[in-house]
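Containing mmCIF, C-alpha atoms and all ligand atoms: run.cif.
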```cif
data_coords
#
loop_
_atom_site.group_PDB
_atom_site.id
_atom_site.type_symbol
_atom_site.label_atom_id
_atom_site.label_comp_id
_atom_site.auth_asym_id
_atom_site.auth_seq_id
_atom_site.Cartn_x
_atom_site.Cartn_y
_atom_site.Cartn_z
ATOM 1 C CA MET A 156 -13.086 74.609 52.351
ATOM 2 C CA GLU A 157 -10.869 71.458 52.370
ATOM 3 C CA GLU A 158 -13.934 69.319 53.027
ATOM 4 C CA LEU A 159 -15.774 70.906 50.137
ATOM 5 C CA LEU A 160 -12.812 70.395 47.797
ATOM 6 C CA GLU A 161 -12.475 66.716 48.813
ATOM 7 C CA ARG A 162 -16.179 66.199 48.194
ATOM 8 C CA LEU A 163 -16.113 67.888 44.771
ATOM 9 C CA LEU A 164 -13.093 65.843 43.809
ATOM 10 C CA GLU A 165 -14.818 62.554 44.630
ATOM 11 C CA GLU A 166 -18.075 63.626 42.976
ATOM 12 C CA CYS A 167 -16.290 64.583 39.767
ATOM 13 C CA ARG A 168 -13.826 61.683 39.628
ATOM 14 C CA PRO A 169 -16.102 59.576 37.363
ATOM 15 C CA PHE A 170 -15.927 62.276 34.636
ATOM 16 C CA ALA A 171 -12.215 61.584 34.219
ATOM 17 C CA ALA A 172 -13.088 58.252 32.611
ATOM 18 C CA GLN A 173 -15.262 59.933 29.966
ATOM 19 C CA GLY A 174 -12.653 62.065 28.243
ATOM 20 C CA ARG A 175 -9.302 61.432 26.568
ATOM 21 C CA VAL A 176 -5.835 62.731 27.360
ATOM 22 C CA ALA A 177 -4.279 64.889 24.622
ATOM 23 C CA ASP A 178 -2.338 62.822 22.110
ATOM 24 C CA TYR A 179 -1.354 65.367 19.453
ATOM 25 C CA ILE A 180 2.198 64.941 20.760
ATOM 26 C CA PRO A 181 3.486 61.616 22.168
ATOM 27 C CA GLU A 182 4.777 63.128 25.420
ATOM 28 C CA LEU A 183 1.298 64.309 26.553
ATOM 29 C CA ALA A 184 -0.305 60.964 25.733
ATOM 30 C CA LYS A 185 1.654 59.502 28.677
ATOM 31 C CA ALA A 186 -0.435 61.395 31.287
ATOM 32 C CA ASP A 187 -2.435 59.414 33.848
ATOM 33 C CA PRO A 188 -6.102 60.029 32.870
ATOM 34 C CA GLY A 189 -7.198 59.402 36.468
ATOM 35 C CA ALA A 190 -5.105 62.189 38.039
ATOM 36 C CA LEU A 191 -7.244 64.850 39.717
ATOM 37 C CA GLY A 192 -6.224 67.821 41.831
ATOM 38 C CA ILE A 193 -7.526 71.234 42.914
ATOM 39 C CA TYR A 194 -5.876 74.130 44.757
ATOM 40 C CA VAL A 195 -7.502 77.370 45.920
ATOM 41 C CA ILE A 196 -5.788 80.552 47.136
ATOM 42 C CA GLY A 197 -8.235 82.993 48.713
ATOM 43 C CA SER A 198 -7.816 86.764 48.545
ATOM 44 C CA GLU A 199 -6.906 86.790 52.242
ATOM 45 C CA GLY A 200 -4.038 84.391 51.398
ATOM 46 C CA ARG A 201 -5.514 81.155 52.683
ATOM 47 C CA HIS A 202 -4.463 77.989 50.816
ATOM 48 C CA SER A 203 -6.788 74.952 50.472
ATOM 49 C CA TRP A 204 -6.323 71.870 48.341
ATOM 50 C CA ALA A 205 -7.325 68.297 47.551
ATOM 51 C CA GLY A 206 -6.000 65.426 45.455
ATOM 52 C CA ASP A 207 -2.987 65.431 43.128
ATOM 53 C CA CYS A 208 -2.433 69.150 43.402
ATOM 54 C CA ARG A 209 1.387 69.008 43.451
ATOM 55 C CA GLN A 210 1.693 66.705 40.463
ATOM 56 C CA PRO A 211 3.684 68.441 37.714
ATOM 57 C CA PHE A 212 2.282 69.008 34.207
ATOM 58 C CA THR A 213 3.003 71.452 31.407
ATOM 59 C CA ILE A 214 1.270 74.807 31.337
ATOM 60 C CA GLN A 215 0.417 74.643 27.602
ATOM 61 C CA SER A 216 -2.184 77.263 26.640
ATOM 62 C CA ILE A 217 -2.394 78.629 30.185
ATOM 63 C CA ILE A 218 0.805 80.473 29.300
ATOM 64 C CA LYS A 219 -1.309 82.605 26.919
ATOM 65 C CA PRO A 220 -2.633 85.066 29.544
ATOM 66 C CA ILE A 221 0.937 85.432 30.867
ATOM 67 C CA LEU A 222 2.248 85.999 27.353
ATOM 68 C CA LEU A 223 -0.466 88.603 26.910
ATOM 69 C CA LEU A 224 0.550 90.323 30.139
ATOM 70 C CA GLN A 225 4.197 90.368 29.101
ATOM 71 C CA ALA A 226 3.273 91.809 25.694
ATOM 72 C CA LEU A 227 1.076 94.454 27.366
ATOM 73 C CA LEU A 228 3.771 95.381 29.888
ATOM 74 C CA ASP A 229 6.346 95.710 27.097
ATOM 75 C CA ASN A 230 4.261 97.517 24.471
ATOM 76 C CA GLY A 231 1.155 99.036 26.042
ATOM 77 C CA VAL A 232 -2.479 98.275 25.288
ATOM 78 C CA GLU A 233 -2.759 100.232 22.044
ATOM 79 C CA GLU A 234 0.160 98.583 20.275
ATOM 80 C CA VAL A 235 -0.802 95.064 21.419
ATOM 81 C CA GLN A 236 -4.390 95.560 20.313
ATOM 82 C CA ARG A 237 -3.229 96.855 16.948
ATOM 83 C CA ARG A 238 -1.296 93.612 16.404
ATOM 84 C CA VAL A 239 -3.621 91.080 18.085
ATOM 85 C CA GLY A 240 -7.366 91.737 18.301
ATOM 86 C CA VAL A 241 -9.693 90.846 21.156
ATOM 87 C CA GLU A 242 -12.746 89.302 19.518
ATOM 88 C CA ALA A 243 -13.682 85.669 20.134
ATOM 89 C CA THR A 244 -12.971 83.453 17.138
ATOM 90 C CA GLY A 245 -15.444 80.697 18.080
ATOM 91 C CA LYS A 246 -12.948 78.298 16.520
ATOM 92 C CA PRO A 247 -10.588 75.645 17.910
ATOM 93 C CA PHE A 248 -7.283 76.930 19.325
ATOM 94 C CA ASP A 249 -5.196 75.865 16.330
ATOM 95 C CA ALA A 250 -7.695 76.750 13.593
ATOM 96 C CA ILE A 251 -6.284 78.164 10.401
ATOM 97 C CA ASN A 252 -8.210 81.368 10.655
ATOM 98 C CA ALA A 253 -8.009 82.449 7.036
ATOM 99 C CA SER A 254 -10.591 82.664 4.319
ATOM 100 C CA GLU A 255 -10.754 84.433 0.971
ATOM 101 C CA GLN A 256 -10.441 87.710 2.928
ATOM 102 C CA SER A 257 -6.890 88.673 3.746
ATOM 103 C CA LEU A 258 -5.856 88.133 7.337
ATOM 104 C CA ASP A 259 -5.214 91.098 9.624
ATOM 105 C CA GLY A 260 -4.468 91.650 13.302
ATOM 106 C CA SER A 261 -8.122 92.147 14.211
ATOM 107 C CA HIS A 262 -8.808 88.520 13.205
ATOM 108 C CA LEU A 263 -6.357 87.259 15.809
ATOM 109 C CA ASN A 264 -7.021 86.646 19.488
ATOM 110 C CA PRO A 265 -4.420 86.327 22.276
ATOM 111 C CA MET A 266 -5.996 83.087 23.588
ATOM 112 C CA VAL A 267 -5.646 81.129 20.351
ATOM 113 C CA ASN A 268 -2.405 79.992 18.775
ATOM 114 C CA MET A 269 -2.002 82.523 15.986
ATOM 115 C CA GLY A 270 -2.408 85.431 18.390
ATOM 116 C CA ALA A 271 -0.129 83.810 20.966
ATOM 117 C CA ILE A 272 2.605 83.255 18.367
ATOM 118 C CA VAL A 273 2.459 86.963 17.449
ATOM 119 C CA MET A 274 2.658 87.845 21.156
ATOM 120 C CA CYS A 275 5.931 85.913 21.468
ATOM 121 C CA SER A 276 7.329 88.297 18.864
ATOM 122 C CA LEU A 277 6.124 91.289 20.937
ATOM 123 C CA ILE A 278 8.194 90.420 24.032
ATOM 124 C CA ARG A 279 11.099 92.848 24.367
ATOM 125 C CA GLY A 280 14.617 91.429 24.200
ATOM 126 C CA GLY A 281 17.729 91.349 22.028
ATOM 127 C CA SER A 282 17.393 87.636 21.256
ATOM 128 C CA TYR A 283 14.678 85.034 21.582
ATOM 129 C CA GLU A 284 16.643 83.476 24.429
ATOM 130 C CA GLU A 285 16.382 86.772 26.295
ATOM 131 C CA ARG A 286 12.692 87.191 25.437
ATOM 132 C CA PHE A 287 11.908 83.692 26.674
ATOM 133 C CA GLN A 288 13.871 84.258 29.886
ATOM 134 C CA ARG A 289 11.863 87.409 30.571
ATOM 135 C CA LEU A 290 8.615 85.486 30.056
ATOM 136 C CA LEU A 291 9.870 82.688 32.339
ATOM 137 C CA GLU A 292 10.784 85.279 34.969
ATOM 138 C CA LEU A 293 7.277 86.794 34.873
ATOM 139 C CA THR A 294 5.782 83.283 35.050
ATOM 140 C CA ARG A 295 7.924 82.510 38.109
ATOM 141 C CA GLN A 296 6.745 85.695 39.799
ATOM 142 C CA LEU A 297 3.078 85.112 39.043
ATOM 143 C CA THR A 298 3.160 81.463 40.133
ATOM 144 C CA GLY A 299 5.218 82.247 43.230
ATOM 145 C CA GLU A 300 7.566 79.423 42.158
ATOM 146 C CA GLU A 301 11.122 80.662 41.748
ATOM 147 C CA THR A 302 12.411 77.417 40.257
ATOM 148 C CA LEU A 303 9.937 76.759 37.431
ATOM 149 C CA GLU A 304 11.607 75.208 34.402
ATOM 150 C CA VAL A 305 10.796 73.907 30.935
ATOM 151 C CA ASN A 306 9.990 70.206 30.601
ATOM 152 C CA GLU A 307 12.564 69.428 27.905
ATOM 153 C CA ALA A 308 10.919 66.185 26.745
ATOM 154 C CA VAL A 309 7.599 67.981 26.132
ATOM 155 C CA TYR A 310 9.419 70.859 24.417
ATOM 156 C CA ARG A 311 11.179 68.450 22.038
ATOM 157 C CA SER A 312 7.880 66.674 21.369
ATOM 158 C CA GLU A 313 6.117 70.019 20.624
ATOM 159 C CA LYS A 314 8.931 71.050 18.319
ATOM 160 C CA SER A 315 9.145 67.818 16.366
ATOM 161 C CA HIS A 316 5.361 67.461 16.004
ATOM 162 C CA GLY A 317 4.639 71.152 15.492
ATOM 163 C CA SER A 318 3.634 71.178 11.819
ATOM 164 C CA LYS A 319 0.263 72.815 12.474
ATOM 165 C CA ASN A 320 1.771 75.626 14.566
ATOM 166 C CA ARG A 321 4.501 76.000 11.964
ATOM 167 C CA ALA A 322 1.811 76.363 9.275
ATOM 168 C CA LEU A 323 0.053 79.022 11.373
ATOM 169 C CA ALA A 324 3.277 80.947 11.932
ATOM 170 C CA TYR A 325 4.279 80.914 8.260
ATOM 171 C CA LEU A 326 0.776 82.015 7.306
ATOM 172 C CA LEU A 327 1.145 84.971 9.702
ATOM 173 C CA LYS A 328 4.516 85.745 8.146
ATOM 174 C CA SER A 329 3.084 85.646 4.623
ATOM 175 C CA TYR A 330 0.479 88.259 5.624
ATOM 176 C CA GLY A 331 3.153 90.488 7.159
ATOM 177 C CA LEU A 332 1.764 89.945 10.678
ATOM 178 C CA LEU A 333 4.876 88.336 12.165
ATOM 179 C CA GLU A 334 8.277 89.969 12.337
ATOM 180 C CA GLY A 335 11.597 88.174 12.744
ATOM 181 C CA ASP A 336 12.688 84.613 12.150
ATOM 182 C CA VAL A 337 9.688 82.259 12.215
ATOM 183 C CA GLU A 338 11.595 79.320 13.731
ATOM 184 C CA ASP A 339 12.934 81.519 16.542
ATOM 185 C CA VAL A 340 9.428 82.726 17.370
ATOM 186 C CA LEU A 341 8.104 79.152 17.275
ATOM 187 C CA ASN A 342 10.838 77.878 19.594
ATOM 188 C CA CYS A 343 9.881 80.572 22.067
ATOM 189 C CA TYR A 344 6.206 79.545 21.792
ATOM 190 C CA PHE A 345 6.959 75.805 22.147
ATOM 191 C CA ARG A 346 9.195 76.408 25.166
ATOM 192 C CA ALA A 347 6.583 78.675 26.732
ATOM 193 C CA CYS A 348 3.930 75.925 26.398
ATOM 194 C CA SER A 349 6.338 73.414 27.981
ATOM 195 C CA ILE A 350 6.912 75.222 31.279
ATOM 196 C CA GLN A 351 6.172 72.783 34.072
ATOM 197 C CA VAL A 352 3.648 73.838 36.741
ATOM 198 C CA ASP A 353 1.230 72.309 39.268
ATOM 199 C CA CYS A 354 -2.198 73.264 40.644
ATOM 200 C CA ARG A 355 -0.712 75.519 43.326
ATOM 201 C CA ALA A 356 1.265 77.488 40.740
ATOM 202 C CA LEU A 357 -1.875 78.017 38.628
ATOM 203 C CA ALA A 358 -3.955 78.999 41.673
ATOM 204 C CA HIS A 359 -1.323 81.610 42.467
ATOM 205 C CA VAL A 360 -1.533 83.148 38.971
ATOM 206 C CA GLY A 361 -5.324 83.196 39.366
ATOM 207 C CA ALA A 362 -5.003 84.850 42.762
ATOM 208 C CA VAL A 363 -2.827 87.674 41.372
ATOM 209 C CA LEU A 364 -5.301 88.240 38.533
ATOM 210 C CA SER A 365 -8.214 88.149 40.998
ATOM 211 C CA ASN A 366 -6.357 90.665 43.158
ATOM 212 C CA ARG A 367 -6.045 92.964 40.099
ATOM 213 C CA GLY A 368 -2.293 92.630 39.764
ATOM 214 C CA ARG A 369 -1.217 92.433 43.407
ATOM 215 C CA MET A 370 0.412 89.405 45.047
ATOM 216 C CA PRO A 371 -1.677 87.645 47.679
ATOM 217 C CA VAL A 372 -0.624 88.442 51.296
ATOM 218 C CA SER A 373 2.253 90.850 50.528
ATOM 219 C CA ASN A 374 -0.027 92.934 48.280
ATOM 220 C CA ARG A 375 3.021 93.795 46.171
ATOM 221 C CA ARG A 376 1.940 95.064 42.753
ATOM 222 C CA VAL A 377 3.214 93.033 39.779
ATOM 223 C CA PHE A 378 1.212 94.797 37.050
ATOM 224 C CA PRO A 379 -1.333 97.644 36.824
ATOM 225 C CA SER A 380 -4.977 96.860 37.598
ATOM 226 C CA SER A 381 -6.003 98.080 34.127
ATOM 227 C CA LEU A 382 -4.053 95.140 32.646
ATOM 228 C CA ALA A 383 -5.774 92.678 34.992
ATOM 229 C CA ARG A 384 -9.081 93.969 33.665
ATOM 230 C CA TYR A 385 -7.903 93.511 30.073
ATOM 231 C CA VAL A 386 -6.656 89.958 30.637
ATOM 232 C CA ASN A 387 -9.645 88.851 32.750
ATOM 233 C CA ALA A 388 -12.093 90.151 30.147
ATOM 234 C CA ILE A 389 -10.370 88.178 27.388
ATOM 235 C CA LEU A 390 -10.259 85.063 29.588
ATOM 236 C CA MET A 391 -13.995 85.394 30.154
ATOM 237 C CA THR A 392 -14.810 85.545 26.447
ATOM 238 C CA CYS A 393 -12.117 83.263 24.980
ATOM 239 C CA GLY A 394 -10.210 81.387 27.713
ATOM 240 C CA MET A 395 -11.905 78.010 27.333
ATOM 241 C CA TYR A 396 -11.361 77.598 23.592
ATOM 242 C CA ASN A 397 -14.582 77.318 21.613
ATOM 243 C CA GLY A 398 -16.333 76.184 24.790
ATOM 244 C CA SER A 399 -16.072 79.646 26.383
ATOM 245 C CA GLY A 400 -19.749 80.565 25.981
ATOM 246 C CA GLU A 401 -20.965 77.365 27.600
ATOM 247 C CA PHE A 402 -18.379 77.768 30.383
ATOM 248 C CA ALA A 403 -19.527 81.358 31.019
ATOM 249 C CA ILE A 404 -23.051 80.062 31.580
ATOM 250 C CA ARG A 405 -22.122 77.038 33.682
ATOM 251 C CA VAL A 406 -19.264 78.504 35.750
ATOM 252 C CA GLY A 407 -19.233 82.244 35.110
ATOM 253 C CA VAL A 408 -15.648 83.227 35.943
ATOM 254 C CA PRO A 409 -12.612 84.094 33.782
ATOM 255 C CA ALA A 410 -10.489 80.978 33.226
ATOM 256 C CA LYS A 411 -7.916 79.441 30.913
ATOM 257 C CA SER A 412 -7.449 75.792 30.094
ATOM 258 C CA GLY A 413 -4.529 73.947 28.540
ATOM 259 C CA VAL A 414 -4.339 70.669 26.650
ATOM 260 C CA ALA A 415 -2.230 69.028 29.369
ATOM 261 C CA GLY A 416 -5.384 69.159 31.549
ATOM 262 C CA GLY A 417 -4.781 72.280 33.615
ATOM 263 C CA ILE A 418 -7.298 75.050 34.298
ATOM 264 C CA MET A 419 -6.478 78.388 35.930
ATOM 265 C CA ALA A 420 -9.563 80.255 37.155
ATOM 266 C CA VAL A 421 -9.898 83.809 38.426
ATOM 267 C CA VAL A 422 -12.711 84.744 40.775
ATOM 268 C CA PRO A 423 -12.364 88.541 40.877
ATOM 269 C CA THR A 424 -11.627 89.850 44.397
ATOM 270 C CA ARG A 425 -12.203 86.394 45.919
ATOM 271 C CA MET A 426 -9.806 83.632 44.836
ATOM 272 C CA GLY A 427 -7.553 81.960 42.312
ATOM 273 C CA VAL A 428 -8.083 78.288 41.468
ATOM 274 C CA GLY A 429 -5.706 75.767 39.893
ATOM 275 C CA ILE A 430 -6.951 72.412 38.607
ATOM 276 C CA TYR A 431 -5.355 69.355 37.072
ATOM 277 C CA ALA A 432 -7.363 66.591 35.396
ATOM 278 C CA PRO A 433 -5.769 65.541 32.091
ATOM 279 C CA SER A 434 -8.702 63.773 30.515
ATOM 280 C CA LEU A 435 -10.234 66.252 28.028
ATOM 281 C CA ASP A 436 -13.569 66.841 26.356
ATOM 282 C CA ARG A 437 -13.912 67.188 22.568
ATOM 283 C CA LYS A 438 -13.029 70.898 22.669
ATOM 284 C CA GLY A 439 -9.788 70.293 24.572
ATOM 285 C CA ASN A 440 -10.965 71.381 28.038
ATOM 286 C CA SER A 441 -10.351 69.259 31.136
ATOM 287 C CA LEU A 442 -13.595 67.346 31.594
ATOM 288 C CA ALA A 443 -13.522 66.587 35.314
ATOM 289 C CA GLY A 444 -11.826 69.964 35.857
ATOM 290 C CA SER A 445 -14.670 71.937 34.259
ATOM 291 C CA ARG A 446 -17.181 69.937 36.316
ATOM 292 C CA MET A 447 -15.302 70.638 39.556
ATOM 293 C CA LEU A 448 -15.292 74.344 38.763
ATOM 294 C CA GLU A 449 -18.975 74.284 37.917
ATOM 295 C CA ARG A 450 -19.800 72.702 41.283
ATOM 296 C CA LEU A 451 -17.426 74.984 43.193
ATOM 297 C CA SER A 452 -19.044 77.978 41.521
ATOM 298 C CA GLY A 453 -22.532 76.680 42.398
ATOM 299 C CA GLU A 454 -21.656 75.984 46.042
ATOM 300 C CA LEU A 455 -19.884 79.298 46.674
ATOM 301 C CA TYR A 456 -21.898 81.541 44.312
ATOM 302 C CA LEU A 457 -18.819 82.453 42.315
ATOM 303 C CA SER A 458 -20.418 83.368 38.969
ATOM 304 C CA ILE A 459 -19.900 87.038 38.179
ATOM 305 C CA PHE A 460 -23.224 87.129 36.312
HETATM 306 N N1 LIG A 501 1.323 73.583 22.741
HETATM 307 C C1 LIG A 501 -0.034 73.530 22.365
HETATM 308 C C2 LIG A 501 -0.200 73.953 20.930
HETATM 309 O O1 LIG A 501 0.019 75.075 20.618
HETATM 310 C C3 LIG A 501 -0.872 74.334 23.273
HETATM 311 C C4 LIG A 501 -2.262 73.981 23.036
HETATM 312 C C5 LIG A 501 -3.193 74.248 24.156
HETATM 313 O O2 LIG A 501 -2.940 74.014 25.339
HETATM 314 O O3 LIG A 501 -4.271 74.712 23.780
HETATM 315 O O4 LIG A 501 -0.510 73.174 20.083
#
```

In structure tokens, how does this file's structure come out?
Ligand code: GLU
Amino acid sequence: MEELLERLLEECRPFAAQGRVADYIPELAKADPGALGIYVIGSEGRHSWAGDCRQPFTIQSIIKPILLLQALLDNGVEEVQRRVGVEATGKPFDAINASEQSLDGSHLNPMVNMGAIVMCSLIRGGSYEERFQRLLELTRQLTGEETLEVNEAVYRSEKSHGSKNRALAYLLKSYGLLEGDVEDVLNCYFRACSIQVDCRALAHVGAVLSNRGRMPVSNRRVFPSSLARYVNAILMTCGMYNGSGEFAIRVGVPAKSGVAGGIMAVVPTRMGVGIYAPSLDRKGNSLAGSRMLERLSGELYLSIF
């Protein structure tokens, strides 16, 4: 496996030069566009890796499936689905999804920003500090990294350049879809996106989802298998922004990307994969990362279709 990963890494390295690192906030624009790493955790617990797989980066949108899990654990499927729908939007992650029709929960999706902002408000807790801590705790469990923390510089950058997310949140509020103080909810969302991870941490989350809610090796259950099915299905249809259809054809496994260049992929019953390659394509997906996954899927017959 290591040999295969090394080979894929070298084959896909040239793609890194074709994309662009995210620059919607100054802190992310500092990333090294040539960084490239991959980490795989198999269902039997075997770890394999290549490249810059321990380099830290912020989780960004890959927090969305974890946010969804937390919301599901706290409220149950019915209530979450009543507030945030499950249909693909086919639009960019930060699209203002409103037209002349009034907005309702069924227009939202947990993998795009409006839905994710509502999910922050669904986490149980007396204060937003407590809600965020509970989300961080679940993220630590799922990544197997007890010391994960927020990257404060990225958080401050998200917060001070967050006009678009602020617009989305106030729009939700105006339609009665968001309860509580908008700025508190947004701070929780910005902090959640700024949690610092690496490829191993993402591979671990993927491994738990591939194992239908059980930790690799110990087999300890973190969440019910029905929730793994719910989250994996949404990742399959909406995890790669408005490139999810193309990704389903080329790679064929549930996955989530983030604008910092991470991808977390779930190969049901077989493995979790974490990737870092910060140079992005026009839809915001890691360019070299998607190519590495496509080749890995081809070599190991990973597509679920
Ligand atoms: N913090 C980012 C935002 O909401 C996350 C975007 C992403 O990774 O898709 O703008």

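With all atoms listed in the file as the basis for measurement, A:Ala271 is the residue among A:Ile418, A:Lys328, A:Gly240, A:Ala271 that approaches Cys343 (chain A) most closely.
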
Using all atoms listed in the file, which residues have at least one atom no more than 6 Å from ligand LIG 501 (chain A)? Output them as an MDAnalysis selection string. chainID A and resid 215:216 248 268 348 413:414

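Distances to Met370 (chain A) were evaluated for A:Ile196, A:Leu332, A:Leu258, A:Ala172 using only C-alpha atoms, and the minimum falls at A:Ile196.
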
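The space between CA of Lys246 (chain A) and CA of Leu223 (chain A) spans 19.2 Å.
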
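Taking CA of Val235 (chain A) and CA of Gln296 (chain A) as the two end points, the separation is 22.0 Å.
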
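Among A:Val267, A:Ala420, A:Ala388, A:Ala190, the residue with the shortest atom-to-atom distance to Leu357 (chain A), counting only C-alpha atoms, is A:Ala420.
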
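Candidate residues A:Ser441, A:Ser399, A:Asn230, A:Ser452 were compared for distance to Gln173 (chain A), and the nearest is A:Ser441, using all atoms listed in the file.
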
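Minimum distance to Asn397 (chain A) across A:Ala243, A:Ala205, A:Met447, A:Val337 (counting only C-alpha atoms) occurs at A:Ala243.
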
re CA of Arg376 (chain A) and CA of Leu297 (chain A): distance 10.7 Å

Residues in the PyMOL selection byres (((chain A and resi 377) around 12) and not hetatm), expressed as a VMD selection string: chain A and resid 221 224 to 225 228 292 to 299 360 362 to 364 366 to 371 373 to 376 378 to 383

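When only C-alpha atoms are used to compute distances to Tyr310 (chain A), the closest of the residues A:Gln288, A:Gln236, A:Ser282, A:Asn342 turns out to be A:Asn342.
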
Apply the PyMOL selection byres (((chain A and resi 316) around 12) and not hetatm) to the displayed file and report the matching residues as a VMD selection string. chain A and resid 178 to 183 309 to 315 317 to 322 345

Copy region 171-184 of chain A out of the block into a file, keeping N, CA and C atoms, as a PDB file, in the first residue's frame.
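Result file decode27.pdb:
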```pdb
ATOM      1  N   ALA A 171      -0.931  19.879  -8.801  1.00  0.00           N
ATOM      2  CA  ALA A 171      -0.908  20.926  -7.777  1.00  0.00           C
ATOM      3  C   ALA A 171      -0.607  22.287  -8.406  1.00  0.00           C
ATOM      4  N   ALA A 172       0.154  22.281  -9.494  1.00  0.00           N
ATOM      5  CA  ALA A 172       0.539  23.551 -10.115  1.00  0.00           C
ATOM      6  C   ALA A 172      -0.616  24.147 -10.927  1.00  0.00           C
ATOM      7  N   GLN A 173      -1.665  23.353 -11.182  1.00  0.00           N
ATOM      8  CA  GLN A 173      -2.737  23.846 -12.047  1.00  0.00           C
ATOM      9  C   GLN A 173      -3.844  24.601 -11.317  1.00  0.00           C
ATOM     10  N   GLY A 174      -3.927  24.392 -10.001  1.00  0.00           N
ATOM     11  CA  GLY A 174      -5.016  25.051  -9.276  1.00  0.00           C
ATOM     12  C   GLY A 174      -4.539  26.298  -8.548  1.00  0.00           C
ATOM     13  N   ARG A 175      -5.360  26.761  -7.624  1.00  0.00           N
ATOM     14  CA  ARG A 175      -5.007  27.950  -6.820  1.00  0.00           C
ATOM     15  C   ARG A 175      -5.396  27.707  -5.376  1.00  0.00           C
ATOM     16  N   VAL A 176      -4.564  28.164  -4.443  1.00  0.00           N
ATOM     17  CA  VAL A 176      -4.959  28.008  -3.035  1.00  0.00           C
ATOM     18  C   VAL A 176      -6.067  29.015  -2.748  1.00  0.00           C
ATOM     19  N   ALA A 177      -6.927  28.683  -1.768  1.00  0.00           N
ATOM     20  CA  ALA A 177      -8.052  29.565  -1.427  1.00  0.00           C
ATOM     21  C   ALA A 177      -7.503  30.914  -0.966  1.00  0.00           C
ATOM     22  N   ASP A 178      -8.157  31.994  -1.404  1.00  0.00           N
ATOM     23  CA  ASP A 178      -7.679  33.304  -0.947  1.00  0.00           C
ATOM     24  C   ASP A 178      -8.829  34.197  -0.484  1.00  0.00           C
ATOM     25  N   TYR A 179      -9.983  33.561  -0.155  1.00  0.00           N
ATOM     26  CA  TYR A 179     -11.114  34.377   0.299  1.00  0.00           C
ATOM     27  C   TYR A 179     -10.863  34.953   1.690  1.00  0.00           C
ATOM     28  N   ILE A 180      -9.900  34.344   2.417  1.00  0.00           N
ATOM     29  CA  ILE A 180      -9.404  34.977   3.648  1.00  0.00           C
ATOM     30  C   ILE A 180      -7.868  34.963   3.573  1.00  0.00           C
ATOM     31  N   PRO A 181      -7.215  36.024   4.066  1.00  0.00           N
ATOM     32  CA  PRO A 181      -5.760  36.138   3.918  1.00  0.00           C
ATOM     33  C   PRO A 181      -5.001  34.967   4.529  1.00  0.00           C
ATOM     34  N   GLU A 182      -5.469  34.424   5.633  1.00  0.00           N
ATOM     35  CA  GLU A 182      -4.724  33.374   6.330  1.00  0.00           C
ATOM     36  C   GLU A 182      -4.576  32.115   5.456  1.00  0.00           C
ATOM     37  N   LEU A 183      -5.597  31.766   4.667  1.00  0.00           N
ATOM     38  CA  LEU A 183      -5.510  30.553   3.839  1.00  0.00           C
ATOM     39  C   LEU A 183      -4.617  30.764   2.617  1.00  0.00           C
ATOM     40  N   ALA A 184      -4.506  32.010   2.190  1.00  0.00           N
ATOM     41  CA  ALA A 184      -3.689  32.303   1.002  1.00  0.00           C
ATOM     42  C   ALA A 184      -2.207  32.028   1.260  1.00  0.00           C
TER      43      ALA A 184
END
```
